[in-house]
Amino acid sequence: MLSVDMENKENGSVGVKNSMESGRPPDPADWAVMDVVNYFRTVGFEEQASAFQEQEIDGKSLLLMTRNDVLTGLQLKLGPALKIYEYHVKPLQTKHLKNNSS
(Lines give C-alpha, C1' and ligand atoms only; values in the text may rest on other atoms or scores of the structure.)
Protein backbone atom coordinates (compact mmCIF):
# COMPACT_ATOMS: atom_id res chain seq x y z
CA MET A 1 0.00 0.00 0.00
CA LEU A 2 1.16 3.51 -0.75
CA SER A 3 1.15 5.80 2.23
CA VAL A 4 2.15 9.42 1.90
CA ASP A 5 2.88 10.74 5.39
CA MET A 6 4.16 14.27 5.62
CA GLU A 7 3.99 16.96 8.23
CA ASN A 8 0.86 19.06 8.21
CA LYS A 9 1.33 22.07 5.92
CA GLU A 10 -1.16 24.79 5.14
CA ASN A 11 -3.12 23.86 2.00
CA GLY A 12 -1.25 20.71 1.23
CA SER A 13 0.50 17.93 2.99
CA VAL A 14 -1.87 16.30 5.43
CA GLY A 15 -0.70 12.73 5.94
CA VAL A 16 -2.90 11.06 3.35
CA LYS A 17 -3.00 7.29 3.51
CA ASN A 18 -3.65 6.03 0.01
CA SER A 19 -5.08 2.57 -0.22
CA MET A 20 -8.18 1.00 -1.61
CA GLU A 21 -10.07 2.63 1.30
CA SER A 22 -9.76 5.91 -0.63
CA GLY A 23 -11.06 4.25 -3.78
CA ARG A 24 -7.75 4.69 -5.62
CA PRO A 25 -5.43 1.84 -6.58
CA PRO A 26 -2.38 1.76 -4.29
CA ASP A 27 0.08 2.38 -7.14
CA PRO A 28 -0.25 5.89 -8.61
CA ALA A 29 0.73 4.48 -12.02
CA ASP A 30 -2.69 2.79 -12.03
CA TRP A 31 -4.65 5.95 -11.22
CA ALA A 32 -7.19 7.26 -13.71
CA VAL A 33 -7.57 11.01 -14.26
CA MET A 34 -10.33 11.20 -11.63
CA ASP A 35 -8.13 9.37 -9.11
CA VAL A 36 -5.50 12.08 -9.56
CA VAL A 37 -8.14 14.82 -9.28
CA ASN A 38 -9.62 13.25 -6.14
CA TYR A 39 -6.16 12.80 -4.60
CA PHE A 40 -5.46 16.54 -4.90
CA ARG A 41 -8.93 17.42 -3.62
CA THR A 42 -8.37 15.14 -0.61
CA VAL A 43 -5.05 16.78 0.30
CA GLY A 44 -6.44 20.31 0.22
CA PHE A 45 -6.03 21.48 -3.37
CA GLU A 46 -9.70 21.61 -4.34
CA GLU A 47 -9.24 24.64 -6.58
CA GLN A 48 -6.12 23.31 -8.32
CA ALA A 49 -7.41 19.76 -8.82
CA SER A 50 -9.44 20.78 -11.85
CA ALA A 51 -6.23 21.64 -13.73
CA PHE A 52 -5.24 17.97 -13.61
CA GLN A 53 -8.62 17.05 -15.09
CA GLU A 54 -8.44 19.73 -17.80
CA GLN A 55 -4.97 18.53 -18.81
CA GLU A 56 -6.06 14.86 -18.58
CA ILE A 57 -3.30 13.94 -16.13
CA ASP A 58 -3.65 10.31 -15.09
CA GLY A 59 -1.32 8.46 -12.74
CA LYS A 60 1.27 7.59 -15.38
CA SER A 61 1.36 11.21 -16.54
CA LEU A 62 1.59 12.44 -12.95
CA LEU A 63 4.62 10.23 -12.34
CA LEU A 64 6.32 11.68 -15.43
CA MET A 65 5.75 15.33 -14.52
CA THR A 66 8.73 17.58 -13.94
CA ARG A 67 8.86 20.57 -11.64
CA ASN A 68 8.54 22.81 -14.68
CA ASP A 69 5.44 20.92 -15.88
CA VAL A 70 3.70 21.56 -12.58
CA LEU A 71 4.85 25.18 -12.26
CA THR A 72 4.04 26.27 -15.81
CA GLY A 73 2.13 23.57 -17.68
CA LEU A 74 -0.87 23.50 -15.37
CA GLN A 75 -1.20 27.30 -15.22
CA LEU A 76 -1.50 27.30 -11.44
CA LYS A 77 -0.53 30.05 -9.04
CA LEU A 78 3.11 29.68 -8.03
CA GLY A 79 2.57 29.01 -4.32
CA PRO A 80 0.15 26.10 -4.68
CA ALA A 81 2.12 24.73 -7.65
CA LEU A 82 5.33 24.59 -5.58
CA LYS A 83 3.54 22.78 -2.74
CA ILE A 84 1.88 20.36 -5.14
CA TYR A 85 5.22 19.44 -6.70
CA GLU A 86 7.39 19.35 -3.57
CA TYR A 87 4.94 17.74 -1.13
CA HIS A 88 2.98 15.48 -3.46
CA VAL A 89 4.25 14.86 -6.99
CA LYS A 90 7.91 14.38 -6.06
CA PRO A 91 7.20 12.08 -3.07
CA LEU A 92 4.77 10.00 -5.15
CA GLN A 93 7.42 9.65 -7.86
CA THR A 94 10.07 8.67 -5.31
CA LYS A 95 7.84 6.06 -3.64
CA HIS A 96 6.83 4.65 -7.03
CA LEU A 97 10.47 4.29 -8.09
CA LYS A 98 11.43 2.64 -4.77
CA ASN A 99 8.52 0.21 -4.98
CA ASN A 100 9.23 -0.73 -8.59
CA SER A 101 13.02 -0.97 -8.67
CA SER A 102 14.55 -4.40 -8.51
# chains A, B, ... in the order shown; residues from 1 in each chain; ligands from 1

$ residues_around --residues "Ala81 of chain A" --least-positions-apart "2" --cutoff "10 Å" --atoms "only C-alpha atoms" --output "list of chain:residue names"
A:Phe45, A:Gln48, A:Arg67, A:Asn68, A:Asp69, A:Val70, A:Leu71, A:Thr72, A:Leu74, A:Gln75, A:Leu76, A:Lys77, A:Leu78, A:Gly79, A:Lys83, A:Ile84, A:Tyr85, A:Glu86, A:Tyr87

$ select_by_dssp --residues "segment 58-92 of chain A" --states "alpha helix (DSSP H)" --output "list in words"
Gly59, Lys60, Ser61, Leu62, Leu63, Leu64, Arg67, Asn68, Leu78, Gly79, Pro80, Ala81, Leu82, Lys83, Ile84, Lys90, Pro91 and Leu92 of chain A

$ residues_around --residues "Ile57 of chain A" --least-positions-apart "6" --cutoff "9 Å" --atoms "only C-alpha atoms" --output "list in words"
Ala32, Val33, Met34, Val36, Val37 and Ala51 of chain A

$ write_last_selection --atoms "N, CA and C atoms" --output "short mmCIF file (atom, residue, chain, number, x, y, z; two decimals), in the first residue's frame"
data_model
loop_
_atom_site.label_atom_id
_atom_site.label_comp_id
_atom_site.auth_asym_id
_atom_site.auth_seq_id
_atom_site.Cartn_x
_atom_site.Cartn_y
_atom_site.Cartn_z
N ALA A 32 -6.52 6.59 -12.59
CA ALA A 32 -7.19 7.26 -13.71
C ALA A 32 -7.16 8.77 -13.44
N VAL A 33 -7.57 9.55 -14.42
CA VAL A 33 -7.57 11.01 -14.26
C VAL A 33 -8.36 11.42 -13.01
N MET A 34 -9.53 10.82 -12.79
CA MET A 34 -10.33 11.20 -11.63
C MET A 34 -9.68 10.78 -10.30
N VAL A 36 -6.46 10.99 -9.77
CA VAL A 36 -5.50 12.08 -9.56
C VAL A 36 -6.24 13.32 -9.04
N VAL A 37 -7.34 13.65 -9.68
CA VAL A 37 -8.14 14.82 -9.28
C VAL A 37 -8.61 14.65 -7.83
N ALA A 51 -7.27 21.51 -12.70
CA ALA A 51 -6.23 21.64 -13.73
C ALA A 51 -5.73 20.27 -14.18
#

$ atom_distance --atom1 "atom CA of Leu82 of chain A" --atom2 "atom CA of Asp35 of chain A"
20.6 Å

$ residues_around --residues "Lys60 of chain A" --least-positions-apart "2" --cutoff "8 Å" --atoms "only C-alpha atoms" --output "PyMOL selection string"
chain A and resi 28-31+57-58+62-64
